[in-house]
file coords.cif (mmCIF, C-alpha atoms)
data_target
#
loop_
_atom_site.label_atom_id
_atom_site.label_comp_id
_atom_site.auth_asym_id
_atom_site.auth_seq_id
_atom_site.Cartn_x
_atom_site.Cartn_y
_atom_site.Cartn_z
CA MET A 1 214.76 234.34 81.19
CA THR A 2 212.76 236.62 83.45
CA THR A 3 210.98 235.04 86.39
CA VAL A 4 207.21 234.73 86.29
CA VAL A 5 205.85 234.52 89.83
CA GLU A 6 202.23 233.78 89.02
CA HIS A 7 200.90 231.28 86.54
CA PRO A 8 198.95 233.24 83.93
CA ALA A 9 195.89 231.81 82.26
CA SER A 10 195.49 231.13 78.58
CA VAL A 11 193.48 233.54 76.44
CA ALA A 12 190.11 231.97 77.27
CA GLY A 13 191.17 230.73 80.70
CA LEU A 14 190.77 226.99 80.11
CA TYR A 15 194.50 226.43 80.70
CA GLN A 16 197.12 227.85 83.00
CA TYR A 17 200.85 228.29 82.43
CA HIS A 18 202.64 225.68 84.53
CA ASP A 19 206.40 225.55 83.89
CA VAL A 20 209.21 225.65 81.33
CA ILE A 21 212.08 223.32 80.47
CA GLY A 22 214.94 224.47 78.34
CA LEU A 23 218.04 226.44 77.48
CA LEU A 24 219.88 226.95 74.20
CA SER A 25 222.68 224.40 74.30
CA ALA A 26 224.47 222.13 71.83
CA GLY A 27 224.65 219.34 74.39
CA GLY A 28 223.76 218.40 77.93
CA PRO A 29 220.87 220.18 79.65
CA GLY A 30 219.39 222.19 76.81
CA PHE A 31 217.84 222.09 73.37
CA SER A 32 218.71 223.50 69.96
CA GLY A 33 215.68 224.03 67.80
CA PRO A 34 213.32 221.44 69.38
CA VAL A 35 210.91 220.16 66.73
CA SER A 36 209.20 217.17 68.31
CA LEU A 37 208.51 215.69 71.73
CA ALA A 38 207.04 212.53 73.18
CA LEU A 39 206.31 211.13 76.61
CA GLY A 40 207.94 207.73 77.07
CA PRO A 41 206.61 204.65 78.87
CA ASP A 42 209.04 205.50 81.66
CA GLY A 43 207.32 208.86 82.15
CA LEU A 44 210.28 210.79 80.79
CA LEU A 45 209.91 213.57 78.26
CA HIS A 46 211.89 213.02 75.05
CA VAL A 47 212.67 216.12 72.98
CA ALA A 48 214.19 216.01 69.48
CA SER A 49 216.48 218.92 68.57
CA ARG A 50 216.96 219.70 64.88
CA ALA A 51 219.69 222.35 65.43
CA ASN A 52 221.26 223.79 62.25
CA PRO A 53 223.78 222.68 59.59
CA ASN A 54 226.63 224.40 61.43
CA GLN A 55 225.88 222.58 64.67
CA PRO A 56 225.72 218.85 63.90
CA GLU A 57 226.61 217.87 67.45
CA ALA A 58 223.37 219.48 68.64
CA VAL A 59 221.12 217.15 66.60
CA ARG A 60 219.92 214.80 69.31
CA VAL A 61 217.11 213.47 71.47
CA THR A 62 217.18 214.74 75.05
CA ARG A 63 215.61 212.81 77.92
CA CYS A 64 214.37 214.65 81.00
CA THR A 65 211.71 214.47 83.67
CA VAL A 66 208.54 216.52 83.32
CA GLN A 67 209.87 218.58 86.24
CA GLY A 68 212.88 219.56 84.14
CA ASP A 69 215.58 217.29 85.54
CA TYR A 70 218.10 216.29 82.88
CA VAL A 71 218.51 212.52 82.45
CA GLY A 72 220.56 212.09 79.28
CA GLU A 73 220.55 212.22 75.50
CA PHE A 74 221.38 210.20 72.43
CA CYS A 75 222.59 211.46 69.10
CA GLY A 76 225.01 210.75 66.31
CA TRP A 77 224.74 213.13 63.38
CA GLY A 78 225.09 211.35 60.05
CA ASP A 79 223.43 208.96 57.64
CA ALA A 80 224.87 205.69 58.96
CA PRO A 81 222.55 203.23 60.75
CA GLY A 82 221.48 204.72 64.08
CA GLN A 83 222.29 208.26 62.98
CA PHE A 84 220.03 211.07 61.81
CA ILE A 85 220.42 214.52 60.29
CA TRP A 86 217.10 216.31 59.72
CA VAL A 87 214.94 214.88 62.45
CA THR A 88 211.29 215.85 62.00
CA ALA A 89 209.33 213.75 64.49
CA ILE A 90 209.53 211.20 67.27
CA ALA A 91 206.79 208.91 68.58
CA PHE A 92 206.58 205.99 70.97
CA GLY A 93 205.07 202.77 69.69
CA PRO A 94 203.02 200.20 71.58
CA ASP A 95 206.23 198.17 71.85
CA GLY A 96 207.69 200.91 74.08
CA ASN A 97 210.31 201.87 71.50
CA LEU A 98 210.98 205.31 70.08
CA TYR A 99 210.43 205.85 66.33
CA LEU A 100 212.27 208.75 64.70
CA ALA A 101 211.61 210.27 61.25
CA ASP A 102 214.56 211.75 59.36
CA GLU A 103 213.66 213.72 56.24
CA ASN A 104 217.28 213.71 55.04
CA THR A 105 217.59 209.93 54.76
CA HIS A 106 213.83 209.42 54.17
CA ARG A 107 213.68 206.69 56.77
CA ILE A 108 212.32 205.75 60.17
CA SER A 109 214.79 204.67 62.85
CA THR A 110 213.87 202.76 65.98
CA PHE A 111 215.48 203.10 69.40
CA THR A 112 214.78 201.90 72.89
CA ALA A 113 213.53 204.59 75.26
CA GLU A 114 217.12 204.89 76.53
CA GLY A 115 218.47 205.48 73.02
CA GLU A 116 219.85 202.08 71.99
CA PHE A 117 219.57 201.76 68.21
CA LEU A 118 217.41 198.84 67.07
CA GLY A 119 217.03 199.26 63.32
CA HIS A 120 215.62 201.39 60.53
CA TRP A 121 213.46 201.16 57.44
CA GLY A 122 212.36 203.42 54.61
CA GLU A 123 213.35 204.20 51.05
CA PHE A 124 213.35 207.42 49.04
CA GLY A 125 210.83 207.65 46.21
CA SER A 126 207.21 208.24 45.28
CA ASP A 127 206.02 204.65 44.83
CA PHE A 128 203.73 203.05 47.37
CA GLY A 129 205.73 202.46 50.56
CA GLN A 130 208.51 204.86 49.58
CA MET A 131 208.84 208.29 51.19
CA ASN A 132 210.01 211.78 50.33
CA ARG A 133 210.78 213.72 53.50
CA PRO A 134 208.61 212.03 56.14
CA SER A 135 207.49 214.42 58.86
CA GLY A 136 204.72 213.89 61.40
CA MET A 137 204.03 210.44 62.84
CA ALA A 138 201.40 208.94 65.12
CA PHE A 139 200.48 205.45 66.18
CA ALA A 140 196.91 204.30 65.66
CA PRO A 141 194.98 202.21 68.20
CA ASP A 142 195.66 199.09 66.10
CA GLY A 143 199.43 199.59 66.46
CA THR A 144 200.05 200.78 62.90
CA LEU A 145 202.15 203.88 62.22
CA VAL A 146 200.62 206.79 60.30
CA ILE A 147 203.17 209.05 58.60
CA ALA A 148 202.91 212.36 56.76
CA ASP A 149 204.85 211.70 53.54
CA SER A 150 205.37 215.40 53.15
CA TRP A 151 206.90 215.95 49.71
CA ASN A 152 204.79 213.19 48.20
CA HIS A 153 201.77 215.11 49.55
CA ARG A 154 200.11 212.06 51.04
CA ILE A 155 199.56 210.03 54.19
CA GLN A 156 200.88 206.49 54.48
CA ARG A 157 200.19 203.76 57.01
CA PHE A 158 202.85 201.17 57.89
CA THR A 159 203.31 198.27 60.24
CA MET A 160 205.86 198.88 62.97
CA ASP A 161 208.49 197.03 60.96
CA GLY A 162 207.92 199.19 57.88
CA SER A 163 205.57 197.19 55.67
CA PRO A 164 203.28 199.62 53.79
CA LEU A 165 199.55 199.07 54.28
CA HIS A 166 197.69 202.02 52.81
CA ALA A 167 198.17 205.50 51.35
CA TRP A 168 195.91 208.37 50.45
CA GLY A 169 196.14 211.95 49.24
CA ALA A 170 197.54 213.89 46.31
CA HIS A 171 199.04 217.31 45.69
CA GLY A 172 196.46 220.07 45.54
CA LYS A 173 194.18 222.43 47.40
CA GLY A 174 190.95 220.46 47.12
CA SER A 175 189.29 218.58 49.94
CA GLY A 176 191.33 215.51 50.80
CA GLN A 177 194.38 216.82 48.95
CA PHE A 178 197.57 218.12 50.57
CA ASP A 179 200.33 220.64 50.06
CA MET A 180 203.21 219.45 52.26
CA PRO A 181 201.31 217.77 55.11
CA TRP A 182 203.30 218.06 58.32
CA GLY A 183 201.70 217.01 61.59
CA VAL A 184 199.68 213.86 62.27
CA ALA A 185 197.53 212.81 65.21
CA VAL A 186 195.22 209.82 65.69
CA ASP A 187 192.33 209.76 68.15
CA PRO A 188 191.19 206.69 70.14
CA ASP A 189 188.62 205.87 67.46
CA GLY A 190 191.32 205.72 64.80
CA ALA A 191 190.43 208.98 63.04
CA VAL A 192 193.49 210.68 61.52
CA TYR A 193 194.12 214.43 61.81
CA VAL A 194 196.60 216.04 59.42
CA SER A 195 198.00 219.57 59.47
CA ASP A 196 198.04 220.58 55.82
CA TRP A 197 200.96 223.02 56.00
CA ARG A 198 200.72 225.11 52.84
CA ASN A 199 196.93 224.90 52.67
CA ASP A 200 196.67 226.40 56.18
CA ARG A 201 194.17 223.87 57.45
CA VAL A 202 193.71 220.67 59.42
CA GLN A 203 191.89 217.77 57.77
CA LYS A 204 190.24 214.86 59.58
CA PHE A 205 189.94 211.43 57.98
CA GLU A 206 188.51 208.02 58.73
CA ALA A 207 191.16 205.35 59.25
CA ASP A 208 190.73 204.32 55.60
CA GLY A 209 191.40 207.86 54.33
CA ARG A 210 187.81 209.02 53.79
CA LEU A 211 187.57 212.74 54.51
CA LEU A 212 185.43 213.67 57.49
CA ALA A 213 186.05 217.38 58.10
CA GLU A 214 188.27 220.38 57.44
CA PHE A 215 189.26 222.98 60.05
CA ASP A 216 190.86 226.32 59.17
CA GLY A 217 190.94 227.94 62.61
CA GLY A 218 188.74 230.73 61.29
CA SER A 219 186.42 230.68 64.28
CA ALA A 220 189.19 232.53 66.16
CA GLY A 221 189.07 235.32 63.61
CA ASP A 222 192.14 234.98 61.40
CA GLY A 223 192.67 231.24 60.90
CA PHE A 224 195.78 229.08 60.78
CA SER A 225 199.02 230.14 59.17
CA ARG A 226 201.24 227.15 58.43
CA PRO A 227 199.93 224.69 61.05
CA ASN A 228 202.36 221.91 61.96
CA GLY A 229 202.40 219.90 65.22
CA LEU A 230 199.14 218.26 66.30
CA ALA A 231 197.73 216.39 69.28
CA VAL A 232 194.32 215.01 70.16
CA HIS A 233 193.44 214.46 73.80
CA GLY A 234 189.94 213.87 75.06
CA ASP A 235 187.57 216.14 73.16
CA HIS A 236 190.25 218.75 72.40
CA ILE A 237 192.44 219.14 69.31
CA TYR A 238 195.71 221.03 69.73
CA VAL A 239 197.24 222.75 66.69
CA CYS A 240 200.63 224.46 66.61
CA ASP A 241 199.90 227.56 64.54
CA TRP A 242 203.49 228.14 63.37
CA TRP A 243 203.50 231.57 61.76
CA ASN A 244 200.98 232.93 64.26
CA ASP A 245 203.23 231.89 67.19
CA ARG A 246 200.47 230.21 69.15
CA VAL A 247 198.75 226.92 69.89
CA GLN A 248 195.07 226.82 69.03
CA VAL A 249 192.79 224.54 71.05
CA LEU A 250 189.79 223.25 69.11
CA ASP A 251 186.72 221.36 70.22
CA ALA A 252 185.61 218.17 68.49
CA ASP A 253 183.77 220.21 65.84
CA GLY A 254 186.89 222.20 64.96
CA GLN A 255 185.86 225.43 66.67
CA VAL A 256 188.64 227.35 68.41
CA ILE A 257 187.87 227.43 72.12
CA ASP A 258 191.18 228.68 73.53
CA THR A 259 194.62 229.93 72.54
CA LEU A 260 197.98 229.32 74.22
CA ILE A 261 200.43 232.17 73.57
CA GLY A 262 203.35 231.33 75.88
CA HIS A 263 204.15 232.73 79.33
CA SER A 264 207.63 231.36 79.95
CA GLY A 265 209.64 232.10 83.05
CA THR A 266 213.14 230.86 83.93
CA SER A 267 213.79 227.14 83.62
CA LYS A 268 215.88 225.10 86.06
CA TRP A 269 218.57 224.79 83.42
CA ALA A 270 218.62 228.53 82.78
CA ARG A 271 218.71 229.21 86.53
CA THR A 272 221.78 227.01 86.92
CA PHE A 273 223.48 228.80 84.02
CA LEU A 274 222.65 232.25 85.36
CA ASP A 275 223.84 231.38 88.87
CA ALA A 276 227.21 230.47 87.34
CA ASN A 277 227.25 233.61 85.17
CA PRO A 278 225.99 236.54 87.27
CA ASP A 279 227.32 239.08 84.77
CA ILE A 280 224.99 237.70 82.10
CA GLU A 281 222.03 237.81 84.45
CA GLU A 282 222.80 241.43 85.27
CA LYS A 283 222.76 242.30 81.58
CA LEU A 284 219.45 240.49 81.15
CA ASN A 285 217.92 242.32 84.09
CA ASN A 286 218.99 245.62 82.56
CA ALA A 287 217.65 244.69 79.13
CA THR A 288 213.99 245.41 79.77
CA GLN A 289 213.07 245.94 76.12
CA ASN A 290 210.79 243.24 74.70
CA ILE A 291 210.94 241.14 77.88
CA GLU A 292 207.21 240.44 77.68
CA LEU A 293 207.54 239.37 74.05
CA LYS A 294 210.29 236.89 74.92
CA ARG A 295 207.93 235.02 77.21
CA ARG A 296 205.74 234.21 74.21
CA PHE A 297 205.97 231.32 71.78
CA TYR A 298 208.27 231.82 68.81
CA ARG A 299 207.46 229.23 66.15
CA PRO A 300 205.90 226.38 68.18
CA THR A 301 206.40 223.09 66.34
CA ALA A 302 204.98 220.22 68.39
CA VAL A 303 202.52 219.53 71.18
CA THR A 304 201.71 216.53 73.33
CA VAL A 305 199.39 216.05 76.31
CA SER A 306 199.92 213.85 79.36
CA ASP A 307 197.22 211.76 80.98
CA ASN A 308 197.03 214.23 83.87
CA GLY A 309 196.34 217.20 81.62
CA LEU A 310 199.77 218.76 81.16
CA VAL A 311 200.24 220.27 77.71
CA PHE A 312 203.86 220.30 76.47
CA VAL A 313 204.73 222.64 73.58
CA ALA A 314 208.04 222.63 71.70
CA ASP A 315 208.86 226.34 71.47
CA CYS A 316 211.34 225.87 68.62
CA TYR A 317 213.02 229.24 68.07
CA ARG A 318 213.33 229.90 71.80
CA HIS A 319 214.86 226.45 72.43
CA ARG A 320 212.53 225.39 75.21
CA VAL A 321 209.40 223.45 76.10
CA GLN A 322 206.58 225.44 77.65
CA ILE A 323 204.05 223.58 79.77
CA TYR A 324 200.40 224.39 80.47
CA ARG A 325 197.92 222.65 82.72
CA LYS A 326 194.34 222.02 81.69
CA LEU A 327 192.00 223.46 84.31
#
call {"tool": "encode", "arguments": {"input": "coords.cif", "output": "structure tokens"}}
result
Amino acid sequence: MTTVVEHPASVAGLYQYHDVIGLLSAGGPGFSGPVSLALGPDGLLHVASRANPNQPEAVRVTRCTVQGDYVGEFCGWGDAPGQFIWVTAIAFGPDGNLYLADENTHRISTFTAEGEFLGHWGEFGSDFGQMNRPSGMAFAPDGTLVIADSWNHRIQRFTMDGSPLHAWGAHGKGSGQFDMPWGVAVDPDGAVYVSDWRNDRVQKFEADGRLLAEFDGGSAGDGFSRPNGLAVHGDHIYVCDWWNDRVQVLDADGQVIDTLIGHSGTSKWARTFLDANPDIEEKLNNATQNIELKRRFYRPTAVTVSDNGLVFVADCYRHRVQIYRKL
């Protein structure tokens, strides 16, 4: 919660730290284990908090401006229609609605951008069209929804109303196989990028599932360790490198060209809390140990990029969203 006056550059200097949104909170302005984020058609940032089993009220989707102004939230922990327990991903469809993956109920729920429940689909199993712990989601240019069917170790494509269209992948370490795929991104040409969690790589496929390339992040020296959230914007690929506590930026050929490590300062929400609790701020100011470390990412889980070049990263274990600007 220390204040950063300047805006430090990323490792290679292609990006600059811009701002932070967040505060650990079970409700209201704050997050609790943010695992996914999406920019809505209304320009608002939507952040899904996974929380923990002892904090069901904190499982929710928070709506805020990109400047960090709290707008509202919607939640409802449970397995009834319109509720969710283990949220893994959110994504906006071409219909302007928010799609939410819940790996506990193995289904996809649909909401308006404001949080009104519209319906759900999905069934547990390993047959075509069934799912076992869906995780990452991304909409393709043709309006279909691509989902990482994580524990079935495959990728499936659905219509927006849940009709299965295509599936590919199998459990293994070979090219085109998966071991708990997690993140999914689709580029404007329809190519599908998948973070292959336990195989520590990203694989790129044609829309029909034909393998195009594999990226292991090794051009940065030590490679990926449990990659999860993904985004593709322009000619850059963004990979949340979970266990390495960083976001790797790749070029179109999969070469690492920059690294985001986190440079967080004090968010608006944290500032409001500290102003109301000066004794806590005094303790923080006196606790100088590891202050620099606490600015860094701690298990980043998701990344998305706005049209004007802002890069939003869900900094899961620090309960915040860090923002960079592409220079």
call {"tool": "residues_around", "arguments": {"input": "coords.cif", "residues": "Gly309 (chain A)", "least_positions_apart": "4", "cutoff": "7 Å", "atoms": "all atoms listed in the file", "output": "NGL selection string"}}
result
:A and (305 or 325-326)
call {"tool": "residues_around", "arguments": {"input": "coords.cif", "residues": "Pro227 (chain A)", "least_positions_apart": "6", "cutoff": "7 Å", "atoms": "all atoms listed in the file", "output": "ChimeraX atom specification"}}
result
/A:195-197,200-201,239-242
call {"tool": "residues_around", "arguments": {"input": "coords.cif", "residues": "Gly162 (chain A)", "least_positions_apart": "6", "cutoff": "9 Å", "atoms": "only C-alpha atoms", "output": "mmCIF file with C-alpha atoms, in the frame of the given file"}}
result
data_model
loop_
_atom_site.group_PDB
_atom_site.id
_atom_site.type_symbol
_atom_site.label_atom_id
_atom_site.label_comp_id
_atom_site.auth_asym_id
_atom_site.auth_seq_id
_atom_site.Cartn_x
_atom_site.Cartn_y
_atom_site.Cartn_z
ATOM 1 C CA ILE A 108 212.320 205.750 60.170
ATOM 2 C CA HIS A 120 215.620 201.390 60.530
ATOM 3 C CA TRP A 121 213.460 201.160 57.440
ATOM 4 C CA GLY A 122 212.360 203.420 54.610
ATOM 5 C CA GLY A 129 205.730 202.460 50.560
ATOM 6 C CA LEU A 145 202.150 203.880 62.220
#
call {"tool": "residues_around", "arguments": {"input": "coords.cif", "residues": "region 72-81 of chain A", "least_positions_apart": "3", "cutoff": "9 Å", "atoms": "only C-alpha atoms", "output": "list in words"}}
result
Gly27, Gly28, Pro29, His46, Pro56, Glu57, Ala58, Val59, Arg60, Val61, Thr62, Arg63, Cys64, Phe84, Ile85, Asn104, Thr105, Ser109, Glu114, Gly115, Glu116, Phe117, Gly119 and His120 of chain A
call {"tool": "write_last_selection", "arguments": {"input": "coords.cif", "atoms": "C-alpha atoms", "output": "PDB file, keeping the file's coordinate frame"}}
result
ATOM      1  CA  GLY A  27     224.650 219.340  74.390  1.00  0.00           C
ATOM      2  CA  GLY A  28     223.760 218.400  77.930  1.00  0.00           C
ATOM      3  CA  PRO A  29     220.870 220.180  79.650  1.00  0.00           C
ATOM      4  CA  HIS A  46     211.890 213.020  75.050  1.00  0.00           C
ATOM      5  CA  PRO A  56     225.720 218.850  63.900  1.00  0.00           C
ATOM      6  CA  GLU A  57     226.610 217.870  67.450  1.00  0.00           C
ATOM      7  CA  ALA A  58     223.370 219.480  68.640  1.00  0.00           C
ATOM      8  CA  VAL A  59     221.120 217.150  66.600  1.00  0.00           C
ATOM      9  CA  ARG A  60     219.920 214.800  69.310  1.00  0.00           C
ATOM     10  CA  VAL A  61     217.110 213.470  71.470  1.00  0.00           C
ATOM     11  CA  THR A  62     217.180 214.740  75.050  1.00  0.00           C
ATOM     12  CA  ARG A  63     215.610 212.810  77.920  1.00  0.00           C
ATOM     13  CA  CYS A  64     214.370 214.650  81.000  1.00  0.00           C
ATOM     14  CA  PHE A  84     220.030 211.070  61.810  1.00  0.00           C
ATOM     15  CA  ILE A  85     220.420 214.520  60.290  1.00  0.00           C
ATOM     16  CA  ASN A 104     217.280 213.710  55.040  1.00  0.00           C
ATOM     17  CA  THR A 105     217.590 209.930  54.760  1.00  0.00           C
ATOM     18  CA  SER A 109     214.790 204.670  62.850  1.00  0.00           C
ATOM     19  CA  GLU A 114     217.120 204.890  76.530  1.00  0.00           C
ATOM     20  CA  GLY A 115     218.470 205.480  73.020  1.00  0.00           C
ATOM     21  CA  GLU A 116     219.850 202.080  71.990  1.00  0.00           C
ATOM     22  CA  PHE A 117     219.570 201.760  68.210  1.00  0.00           C
ATOM     23  CA  GLY A 119     217.030 199.260  63.320  1.00  0.00           C
ATOM     24  CA  HIS A 120     215.620 201.390  60.530  1.00  0.00           C
TER      25      HIS A 120
END
call {"tool": "closest_residue", "arguments": {"input": "coords.cif", "among": "A:His153, A:Arg320, A:Arg296, A:His171", "to": "His263 (chain A)", "atoms": "all atoms listed in the file"}}
result
A:Arg296
call {"tool": "closest_residue", "arguments": {"input": "coords.cif", "among": "A:Leu24, A:Ala113, A:Leu327, A:Val87", "to": "Gly40 (chain A)", "atoms": "all atoms listed in the file"}}
result
A:Ala113
